[in-house]
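So this block is entry_12.cif, mmCIF, C-alpha atoms and all ligand atoms:
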data_data
loop_
_atom_site.label_atom_id
_atom_site.label_comp_id
_atom_site.auth_asym_id
_atom_site.auth_seq_id
_atom_site.Cartn_x
_atom_site.Cartn_y
_atom_site.Cartn_z
CA MET U 1 -18.11 7.56 9.63
CA ARG U 2 -19.84 7.41 6.32
CA LYS U 3 -22.79 9.57 5.41
CA LEU U 4 -24.64 7.60 2.74
CA PRO U 5 -27.93 6.34 4.23
CA ALA U 6 -27.73 3.17 2.13
CA LEU U 7 -24.47 2.34 3.81
CA LEU U 8 -25.55 2.93 7.39
CA GLY U 9 -25.75 -0.80 7.94
CA LEU U 10 -22.13 -1.10 6.94
CA ALA U 11 -21.06 1.80 9.13
CA ALA U 12 -21.12 -0.39 12.21
CA LEU U 13 -18.47 -2.57 10.57
CA LEU U 14 -15.98 0.21 10.17
CA VAL U 15 -13.18 0.80 12.61
CA GLY U 16 -11.36 4.03 13.36
CA PRO U 17 -12.53 7.60 12.87
CA SER U 18 -9.91 8.63 10.31
CA HIS U 19 -9.56 5.54 8.16
CA ALA U 20 -13.06 4.29 7.69
CA ALA U 21 -12.39 0.75 6.48
CA GLY U 22 -9.31 0.12 8.65
CA PRO U 23 -8.65 -3.46 9.76
CA SER U 24 -9.30 -4.69 13.28
CA ALA U 25 -5.77 -6.15 13.44
CA VAL U 26 -2.70 -4.86 11.61
CA ALA U 27 -0.16 -7.39 10.35
CA SER U 28 3.48 -6.96 11.27
CA MET U 29 6.37 -9.33 11.93
CA ASP U 30 9.88 -9.27 13.34
CA ARG U 31 12.21 -9.34 10.33
CA SER U 32 15.13 -10.37 12.54
CA LEU U 33 13.58 -13.87 12.52
CA TRP U 34 14.65 -14.12 8.89
CA PRO U 35 18.17 -15.52 9.31
CA GLU U 36 19.97 -13.70 6.47
CA PRO U 37 20.56 -10.09 5.38
CA LEU U 38 18.96 -9.00 2.09
CA ASN U 39 22.38 -8.04 0.79
CA SER U 40 22.15 -9.27 -2.80
CA PRO U 41 19.46 -9.74 -5.46
CA ALA U 42 19.65 -13.50 -4.81
CA ALA U 43 19.08 -12.95 -1.08
CA PHE U 44 16.09 -10.70 -1.86
CA ASP U 45 14.69 -13.38 -4.16
CA ARG U 46 15.09 -16.13 -1.56
CA ALA U 47 13.25 -14.09 1.07
CA SER U 48 10.67 -13.14 -1.56
CA ARG U 49 10.00 -16.81 -2.43
CA ALA U 50 9.49 -17.58 1.24
CA GLU U 51 6.97 -14.76 1.73
CA LEU U 52 5.13 -15.72 -1.49
CA LEU U 53 4.80 -19.33 -0.31
CA ALA U 54 3.66 -18.23 3.15
CA PHE U 55 1.01 -15.88 1.73
CA GLY U 56 -0.08 -18.56 -0.76
CA HIS U 57 -0.39 -21.00 2.15
CA ALA U 58 -2.67 -18.56 4.00
CA LEU U 59 -4.69 -18.01 0.82
CA ALA U 60 -5.11 -21.77 0.27
CA ALA U 61 -6.19 -22.19 3.90
CA SER U 62 -8.76 -19.40 3.61
CA GLU U 63 -10.29 -21.11 0.57
CA LYS U 64 -11.06 -24.11 2.76
CA LEU U 65 -13.24 -22.01 5.09
CA GLY U 66 -17.01 -22.04 4.68
CA ASP U 67 -18.85 -18.76 4.21
CA ASP U 68 -19.82 -18.38 7.88
CA ASP U 69 -16.32 -19.07 9.16
CA LEU U 70 -14.80 -16.70 6.62
CA ARG U 71 -17.32 -14.00 7.52
CA ASP U 72 -16.35 -14.34 11.19
CA GLU U 73 -12.64 -14.44 10.37
CA LEU U 74 -13.01 -11.16 8.44
CA LYS U 75 -15.20 -9.64 11.19
CA LEU U 76 -17.96 -8.83 8.72
CA LYS U 77 -21.72 -8.94 9.13
CA GLN U 78 -22.18 -10.05 5.55
CA LEU U 79 -19.79 -11.79 3.21
CA ASP U 80 -19.69 -11.14 -0.53
CA ARG U 81 -18.24 -14.48 -1.56
CA GLY U 82 -18.11 -13.54 -5.25
CA ALA U 83 -16.08 -10.40 -4.55
CA VAL U 84 -13.71 -12.34 -2.29
CA ASP U 85 -13.22 -15.10 -4.88
CA HIS U 86 -12.56 -12.48 -7.57
CA MET U 87 -9.68 -10.99 -5.57
CA ARG U 88 -8.39 -14.44 -4.62
CA SER U 89 -8.02 -15.34 -8.28
CA ILE U 90 -6.13 -12.08 -8.92
CA TYR U 91 -3.83 -12.86 -5.97
CA TRP U 92 -3.09 -16.39 -7.27
CA GLN U 93 -2.05 -14.89 -10.62
CA ARG U 94 0.19 -12.29 -8.98
CA LEU U 95 1.72 -14.81 -6.59
CA THR U 96 2.48 -17.26 -9.39
CA SER U 97 4.16 -14.71 -11.65
CA ASN U 98 6.05 -13.18 -8.71
CA TYR U 99 7.24 -16.62 -7.60
CA GLN U 100 8.46 -17.36 -11.13
CA LEU U 101 10.44 -14.09 -11.10
CA ALA U 102 11.85 -14.84 -7.66
CA ALA U 103 12.81 -18.40 -8.67
CA ALA U 104 14.20 -17.57 -12.11
CA HIS U 105 17.83 -17.85 -10.96
CA CYS U 106 17.66 -20.20 -8.00
CA GLN U 107 19.22 -23.67 -7.94
CA PRO U 108 17.24 -26.73 -6.81
CA ALA U 109 19.44 -26.93 -3.69
CA ASP U 110 18.55 -23.34 -2.73
CA ALA U 111 15.97 -22.75 -0.03
CA PHE U 112 12.36 -22.47 -1.19
CA CYS U 113 13.35 -23.15 -4.83
CA THR U 114 10.60 -25.40 -6.21
CA ARG U 115 10.05 -25.51 -9.95
CA VAL U 116 6.68 -23.92 -10.71
CA THR U 117 5.37 -23.98 -14.28
CA SER U 118 1.73 -23.00 -13.75
CA GLU U 119 -0.70 -21.40 -11.33
CA ASP U 120 -1.92 -24.87 -10.33
CA ASP U 121 1.66 -25.85 -9.58
CA PHE U 122 2.13 -22.84 -7.35
CA LYS U 123 -1.18 -23.44 -5.55
CA LYS U 124 -0.18 -27.02 -4.72
CA THR U 125 3.30 -25.97 -3.60
CA ALA U 126 1.90 -23.20 -1.39
CA ASP U 127 -0.84 -25.41 0.04
CA HIS U 128 1.74 -27.97 1.22
CA PHE U 129 4.31 -25.38 2.27
CA THR U 130 5.85 -26.03 5.68
CA VAL U 131 9.17 -25.71 7.48
CA ALA U 132 10.25 -28.46 9.86
CA GLU U 133 11.03 -27.90 13.55
CA GLY U 134 14.70 -27.17 14.14
CA ASP U 135 15.28 -25.67 10.69
CA ARG U 136 17.07 -22.32 10.45
CA TYR U 137 13.84 -20.88 9.02
CA THR U 138 11.48 -22.33 11.67
CA ALA U 139 11.15 -19.16 13.75
CA TRP U 140 10.49 -17.09 10.61
CA PHE U 141 7.93 -19.65 9.38
CA LYS U 142 5.88 -19.43 12.57
CA ALA U 143 5.86 -15.62 12.53
CA ALA U 144 5.12 -15.55 8.78
CA GLY U 145 2.07 -17.77 9.27
CA ASP U 146 0.55 -15.20 11.65
CA PHE U 147 1.58 -12.25 9.49
CA HIS U 148 0.12 -13.54 6.24
CA ARG U 149 -3.13 -14.75 7.80
CA THR U 150 -3.68 -11.33 9.37
CA TYR U 151 -2.62 -9.48 6.21
CA LEU U 152 -4.84 -11.64 4.01
CA ASP U 153 -7.75 -10.85 6.33
CA GLU U 154 -7.08 -7.12 5.80
CA LEU U 155 -7.26 -7.61 2.03
CA LEU U 156 -10.23 -9.98 1.86
CA ARG U 157 -12.22 -7.74 4.19
CA LEU U 158 -11.72 -4.84 1.76
CA ALA U 159 -12.52 -7.20 -1.13
CA SER U 160 -15.83 -8.24 0.42
CA LEU U 161 -16.83 -4.60 1.05
CA PHE U 162 -15.90 -3.52 -2.52
CA PRO U 163 -17.60 -1.81 -4.34
CA GLN U 164 -20.21 -0.76 -1.74
CA ILE U 165 -17.20 0.67 0.06
CA SER U 166 -14.53 1.30 -2.54
CA SER U 167 -10.87 1.11 -1.56
CA GLU U 168 -7.41 0.45 -2.96
CA VAL U 169 -8.06 -3.29 -3.08
CA ASP U 170 -9.24 -3.12 -6.71
CA THR U 171 -9.33 -0.67 -9.63
CA TYR U 172 -12.32 0.35 -11.74
CA SER U 173 -10.24 0.73 -14.90
CA PRO U 174 -6.63 0.54 -16.10
CA ARG U 175 -6.56 4.37 -15.92
CA GLU U 176 -6.41 4.01 -12.14
CA LEU U 177 -2.91 3.20 -10.91
CA SER U 178 -2.13 1.02 -7.90
CA GLY U 179 1.57 0.20 -8.18
CA ASN U 180 1.04 -3.25 -9.67
CA GLU U 181 1.98 -1.71 -13.05
CA LEU U 182 5.57 -1.04 -12.00
CA PRO U 183 8.46 -3.25 -13.15
CA ASP U 184 9.84 -5.94 -10.86
CA ARG U 185 11.69 -4.58 -7.76
CA HIS U 186 10.53 -0.98 -8.42
CA PHE U 187 8.92 0.98 -5.60
CA LEU U 188 7.48 4.49 -5.39
CA LEU U 189 7.28 6.31 -2.05
CA THR U 190 4.09 8.31 -1.45
CA PHE U 191 3.02 10.48 1.50
CA ASP U 192 -0.53 11.62 2.24
CA ASP U 193 -2.52 14.12 4.30
CA GLY U 194 0.05 16.97 4.52
CA PRO U 195 1.26 19.55 4.77
CA THR U 196 1.72 20.00 8.52
CA ARG U 197 2.41 23.37 10.13
CA ALA U 198 5.89 24.88 9.72
CA ASP U 199 8.71 22.75 11.23
CA GLY U 200 6.30 19.84 11.70
CA ASN U 201 6.48 16.28 10.40
CA THR U 202 6.17 17.24 6.72
CA ASP U 203 9.29 19.43 6.92
CA LYS U 204 11.17 16.77 8.88
CA LEU U 205 10.30 14.08 6.34
CA LEU U 206 11.30 16.30 3.41
CA ALA U 207 14.71 16.76 5.09
CA VAL U 208 15.08 12.97 5.45
CA LEU U 209 14.25 12.41 1.77
CA ARG U 210 16.64 15.13 0.65
CA GLN U 211 19.40 13.73 2.81
CA ARG U 212 18.91 10.29 1.25
CA GLN U 213 18.57 11.77 -2.27
CA LEU U 214 15.11 10.30 -2.72
CA THR U 215 12.09 11.69 -4.51
CA ALA U 216 8.49 10.92 -3.57
CA THR U 217 4.94 11.85 -4.46
CA PHE U 218 2.96 13.84 -1.89
CA PHE U 219 -0.83 13.96 -1.94
CA LEU U 220 -1.82 17.23 -0.26
CA LEU U 221 -5.08 18.22 1.35
CA GLY U 222 -6.39 21.65 0.31
CA ALA U 223 -7.37 22.97 3.75
CA PRO U 224 -4.04 22.24 5.50
CA LEU U 225 -2.17 23.57 2.46
CA GLN U 226 -4.16 26.81 2.67
CA ALA U 227 -3.37 27.04 6.39
CA ARG U 228 0.33 26.41 5.78
CA LEU U 229 0.43 29.13 3.13
CA GLN U 230 -0.71 31.59 5.83
CA GLN U 231 2.48 30.68 7.71
CA THR U 232 4.96 30.05 4.92
CA PRO U 233 5.11 32.11 1.70
CA ALA U 234 4.31 30.05 -1.41
CA ALA U 235 7.80 30.53 -2.88
CA GLN U 236 9.38 29.24 0.32
CA LEU U 237 7.03 26.25 0.52
CA ALA U 238 7.66 25.51 -3.17
CA ALA U 239 11.39 25.45 -2.43
CA SER U 240 10.76 22.88 0.34
CA TYR U 241 8.95 20.57 -2.10
CA GLN U 242 11.41 21.20 -4.94
CA GLY U 243 12.38 17.95 -6.67
CA MET U 244 9.33 16.15 -5.28
CA CYS U 245 6.02 15.46 -7.05
CA VAL U 246 2.87 16.91 -5.53
CA GLY U 247 -0.66 15.77 -6.32
CA ALA U 248 -4.02 16.33 -4.62
CA HIS U 249 -5.84 14.38 -1.90
CA GLY U 250 -9.03 16.49 -1.81
CA TRP U 251 -9.90 19.64 0.12
CA GLU U 252 -10.85 17.75 3.29
CA HIS U 253 -10.17 14.21 4.39
CA LYS U 254 -13.62 12.91 3.53
CA SER U 255 -14.75 10.00 1.41
CA HIS U 256 -14.98 11.16 -2.20
CA SER U 257 -17.53 8.45 -2.95
CA SER U 258 -20.21 9.87 -0.65
CA TRP U 259 -19.43 13.61 -0.47
CA PRO U 260 -21.83 15.56 -2.71
CA GLU U 261 -19.17 18.24 -3.39
CA TRP U 262 -16.44 15.76 -4.31
CA GLN U 263 -15.81 17.28 -7.74
CA ASP U 264 -15.48 20.76 -6.25
CA SER U 265 -13.09 19.34 -3.64
CA VAL U 266 -10.86 17.90 -6.37
CA GLU U 267 -10.92 21.03 -8.56
CA ARG U 268 -10.21 23.47 -5.69
CA THR U 269 -7.34 21.39 -4.37
CA ILE U 270 -5.78 20.89 -7.79
CA ALA U 271 -5.98 24.65 -8.46
CA LEU U 272 -4.35 25.52 -5.11
CA VAL U 273 -1.56 22.94 -5.47
CA HIS U 274 -0.90 23.97 -9.06
CA ASP U 275 -0.82 27.68 -8.30
CA SER U 276 1.23 27.53 -5.10
CA LEU U 277 3.67 24.71 -5.98
CA PRO U 278 3.85 24.86 -9.79
CA GLY U 279 7.30 23.33 -10.12
CA SER U 280 6.30 20.17 -8.25
CA TYR U 281 2.70 19.84 -9.40
CA ALA U 282 1.75 16.46 -10.85
CA PRO U 283 -1.78 15.88 -12.23
CA LEU U 284 -2.50 13.06 -9.81
CA PHE U 285 -5.36 12.54 -7.38
CA ARG U 286 -5.47 10.10 -4.50
CA PRO U 287 -8.93 9.68 -2.96
CA PRO U 288 -9.05 9.73 0.86
CA TYR U 289 -9.33 6.10 2.13
CA GLY U 290 -9.07 5.10 -1.55
CA GLN U 291 -12.82 5.79 -1.76
CA ARG U 292 -14.07 7.12 -5.11
CA ARG U 293 -17.22 6.65 -7.10
CA ALA U 294 -17.39 3.82 -9.62
CA ASP U 295 -18.52 6.33 -12.28
CA SER U 296 -15.83 8.95 -11.52
CA GLY U 297 -13.48 7.91 -14.36
CA PRO U 298 -14.84 10.33 -17.01
CA PHE U 299 -14.55 13.27 -14.56
CA PHE U 300 -10.90 12.52 -13.83
CA ASP U 301 -10.19 11.98 -17.54
CA ALA U 302 -11.80 15.33 -18.37
CA GLN U 303 -9.64 17.02 -15.72
CA GLY U 304 -6.51 15.35 -17.10
CA LEU U 305 -5.98 13.59 -13.76
CA ARG U 306 -4.87 10.07 -12.96
CA VAL U 307 -6.17 8.35 -9.83
CA VAL U 308 -3.27 6.86 -7.86
CA LEU U 309 -4.06 4.22 -5.25
CA TRP U 310 -1.45 1.99 -3.56
CA ASN U 311 -0.66 -1.69 -3.13
CA ILE U 312 1.62 -1.50 -0.08
CA ASP U 313 -0.11 0.08 2.90
CA SER U 314 2.29 0.92 5.73
CA GLN U 315 -0.63 1.46 8.18
CA ASP U 316 1.60 4.14 9.74
CA TRP U 317 -1.46 6.17 10.76
CA SER U 318 -2.65 3.35 13.03
CA SER U 319 -2.03 3.46 16.78
CA LYS U 320 -1.89 -0.35 16.64
CA VAL U 321 1.63 -0.28 15.14
CA ASP U 322 4.78 1.66 16.09
CA ALA U 323 7.52 2.85 13.70
CA ASP U 324 9.43 -0.41 14.17
CA GLN U 325 6.43 -2.54 13.21
CA VAL U 326 5.62 -0.25 10.28
CA LYS U 327 9.04 -0.67 8.67
CA GLN U 328 9.04 -4.46 9.13
CA ARG U 329 5.55 -4.71 7.68
CA VAL U 330 6.51 -2.65 4.63
CA LEU U 331 9.67 -4.69 3.99
CA THR U 332 7.66 -7.94 4.20
CA LEU U 333 5.13 -6.56 1.70
CA MET U 334 7.94 -5.40 -0.62
CA LEU U 335 9.21 -9.00 -0.65
CA LEU U 336 5.69 -10.29 -1.31
CA TRP U 337 4.51 -7.92 -4.05
CA ARG U 338 8.02 -7.18 -5.47
CA ARG U 339 6.87 -3.80 -6.87
CA GLY U 340 4.53 -1.08 -5.87
CA VAL U 341 3.34 2.20 -4.56
CA ILE U 342 4.01 2.45 -0.82
CA LEU U 343 1.56 4.51 1.24
CA PHE U 344 2.89 6.55 4.17
CA HIS U 345 1.55 9.70 5.88
CA ASP U 346 3.95 12.61 6.30
CA ILE U 347 1.75 14.10 9.04
CA HIS U 348 2.84 11.21 11.30
CA PRO U 349 6.48 10.76 12.40
CA LYS U 350 6.85 7.02 11.72
CA ALA U 351 7.99 7.34 8.08
CA GLN U 352 10.96 9.48 9.17
CA ALA U 353 12.48 6.38 10.77
CA ALA U 354 10.98 3.73 8.50
CA VAL U 355 12.20 5.09 5.16
CA PRO U 356 15.95 5.25 5.99
CA TRP U 357 15.72 1.76 7.53
CA LEU U 358 14.07 0.38 4.37
CA LEU U 359 16.77 1.96 2.22
CA ASP U 360 19.56 0.52 4.35
CA HIS U 361 17.99 -2.95 4.53
CA THR U 362 17.55 -3.24 0.76
CA ALA U 363 20.71 -1.37 -0.26
CA ASP U 364 22.35 -4.18 -2.28
CA SER U 365 19.25 -6.19 -3.11
CA GLY U 366 18.52 -4.75 -6.55
CA VAL U 367 15.58 -2.63 -5.31
CA ASP U 368 14.95 0.48 -7.42
CA TRP U 369 13.36 3.50 -5.69
CA VAL U 370 11.44 5.06 -8.57
CA ASP U 371 11.99 8.76 -9.32
CA CYS U 372 8.49 10.19 -8.83
CA HIS U 373 8.82 12.04 -12.15
CA ALA U 374 9.11 8.70 -13.96
CA PHE U 375 5.84 7.39 -12.53
CA PRO U 376 2.95 7.30 -15.05
CA GLY U 377 0.99 10.53 -15.15
CA SER U 378 3.57 12.55 -13.17
ZN ZN U 401 -5.41 10.28 3.56
#
Mind converting the file's structure to structure tokens?
Ligand SMILES: [Zn+2]
Amino acid sequence: MRKLPALLGLAALLVGPSHAAGPSAVASMDRSLWPEPLNSPAAFDRASRAELLAFGHALAASEKLGDDDLRDELKLKQLDRGAVDHMRSIYWQRLTSNYQLAAAHCQPADAFCTRVTSEDDFKKTADHFTVAEGDRYTAWFKAAGDFHRTYLDELLRLASLFPQISSEVDTYSPRELSGNELPDRHFLLTFDDGPTRADGNTDKLLAVLRQRQLTATFFLLGAPLQARLQQTPAAQLAASYQGMCVGAHGWEHKSHSSWPEWQDSVERTIALVHDSLPGSYAPLFRPPYGQRRADSGPFFDAQGLRVVLWNIDSQDWSSKVDADQVKQRVLTLMLLWRRGVILFHDIHPKAQAAVPWLLDHTADSGVDWVDCHAFPGS
């Protein structure tokens, strides 16, 4: 729970002890309802167009709600309509440009291939989007309606709380990275909250990544890293992370927007990561819960650090979703956003199953798993 007295009124809105602004429902869907494998770039694009239209349909529907209905839908006590509308307009831009990418090579006879020349065009197409009963996509369409309404609620809830409660939903400046900067079809894997004790989930995940010849960026917490170094000599731990990129996530898992010692937390963690894992160190900081102060930019600039948020949240920490639901949620969001920084937690086991499945299910679809060293600031 948050500590700032001014935010006590908002505290009652927050769900979950470890992820303060977590949603009340977590979106996931059964990808087997999509009737085709994603075994080519064209197949990826077709599925991407469908998810973009379904999300756009949910967005158009939400715009028809009055303030009171929207506030109830988002399970908020107060609605910041201006903040919600701001994010909606950003989403319409992203959806339109993503749809144009996904439709660049489709033929009019292809599924979900409507010519879209402007944002208005896309809005109208998405608003009227439907799939008839008995169509091969009907089962997917019904599940996608639920998924995108629930997912949009997650996002708009964060949007309404921002910036009183900051999060990954928006950036304060272009210096902060969220994954939306990446090229089309490019995805970076990131893992937070480690390391675990020896032979725990961090070590198991590192073995999975190595076996699949993947790199990833880890955001380590200072206190668990210090504890692990009591168990595992620094040189040995450095060898485990070799080839990966390692940034800082703060000394403790506390909001860095309301913790008086937040600067000390960042500096201590950076120093420990740098000194114990020098070969993997990357000057990157990810704030716990995505919460950082609006005026923190000059501090991070002075430290030579980039703030890295995310745009694809696996929700793998949540007890509301199992590993199967996590992987299907992430794949759906990869089709929707077409690029991004994917947030997992190596302290939980779900990513160990989800990551290989994601690789296998996008193997021939033109997806590029970004080398963490090529990510800005690494
Ligand atoms: Zn975290």
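Distance annotation: of U:Arg81, U:Arg338, U:Lys123, U:His348, the residue with the minimal separation from Glu51 in chain U is U:Arg338; atom set is only C-alpha atoms.
Proximity of U:Gly340, U:Gly304, U:Pro288, U:Pro224 to ligand ZN 401 (chain U), computed with all atoms listed in the file, is greatest for U:Pro288.
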> So what do you get for CA of Val273 in chain U versus CA of Ala235 in chain U, distance-wise?
Replying inline: 12.3 Å
What are the closest atom pairs, with distances in Å to one decimal, for all residues of range 194-258 of chain U lying within 10 Å of range 152-167 of chain U? Consider only C-alpha atoms, order rows by chain and residue number, and present the result as a tab-separated table.
residue	atom	partner	partner_atom	distance
U:Ser255	CA	U:Ser166	CA	9.6
U:His256	CA	U:Ser166	CA	9.9
U:Ser257	CA	U:Ser166	CA	7.8
U:Ser258	CA	U:Ile165	CA	9.7
Print the selection's residues with C-alpha atoms to a file, as a JSON list (two decimals), keeping the file's coordinate frame.
[["chain", "number", "residue", "atom", "x", "y", "z"],
["U", 255, "SER", "CA", -14.75, 10.00, 1.41],
["U", 256, "HIS", "CA", -14.98, 11.16, -2.20],
["U", 257, "SER", "CA", -17.53, 8.45, -2.95],
["U", 258, "SER", "CA", -20.21, 9.87, -0.65]]
>> Between CA of Ala144 in chain U and CA of Leu335 in chain U, what is the distance in Å, rounded to a tenth?
In response: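 Taking CA of Ala144 in chain U as the start and CA of Leu335 in chain U as the end point, the length is 12.2 Å.
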Within 6 Å of ligand ZN 401 (chain U) (all atoms listed in the file), residues as a PDB file with C-alpha atoms, in the coordinates of the input:
ATOM      1  CA  ASP U 192      -0.530  11.620   2.240  1.00  0.00           C
ATOM      2  CA  ASP U 193      -2.520  14.120   4.300  1.00  0.00           C
ATOM      3  CA  PRO U 288      -9.050   9.730   0.860  1.00  0.00           C
ATOM      4  CA  TYR U 289      -9.330   6.100   2.130  1.00  0.00           C
TER       5      TYR U 289
END
> Within 9 Å of Glu119 in chain U, counting all atoms listed in the file, which residues qualify if same-chain residues fewer than 3 places away don't, as a PyMOL selection string?
Replying inline: chain U and resi 92-93+95-97+116+122-124
> Between CA of Phe375 in chain U and CA of Gln352 in chain U, what is the spacing in Å?
Replying inline: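 Taking CA of Gln352 in chain U and CA of Phe375 in chain U, their separation equals 22.4 Å.
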>> Could you check which residues have any atom within 12 Å of (-9.0, 5.9, -14.8), counting all atoms listed in the file with coordinates taken straight from the file, and then list them as an NGL selection string?
In response: :U and (171-178 or 284-286 or 292-309 or 377)
Per-axis box centre and lengths in Å around range 342-360 of chain U, 4 Å margin per side, axis-aligned, as lines of an AutoDock Vina configuration file:
center_x = 10.6
center_y = 7.2
center_z = 5.8
size_x = 26.0
size_y = 21.7
size_z = 21.2
>> Can you pull out the residues contacting range 179-191 of chain U? Cut-off 9 Å, using only C-alpha atoms, and skip same-chain residues under 3 positions away; I want them as a PyMOL selection string.
In response: chain U and resi 98+101+194+214-220+308-312+334-335+337-347+351+355+366-372+375
>> Residues near Pro356 in chain U, anyone? I mean within 10 Å using all atoms listed in the file, not counting same-chain ones fewer than 3 positions away, as an NGL selection string.
In response: :U and (208-209 or 211-212 or 327 or 351-353 or 359-361)
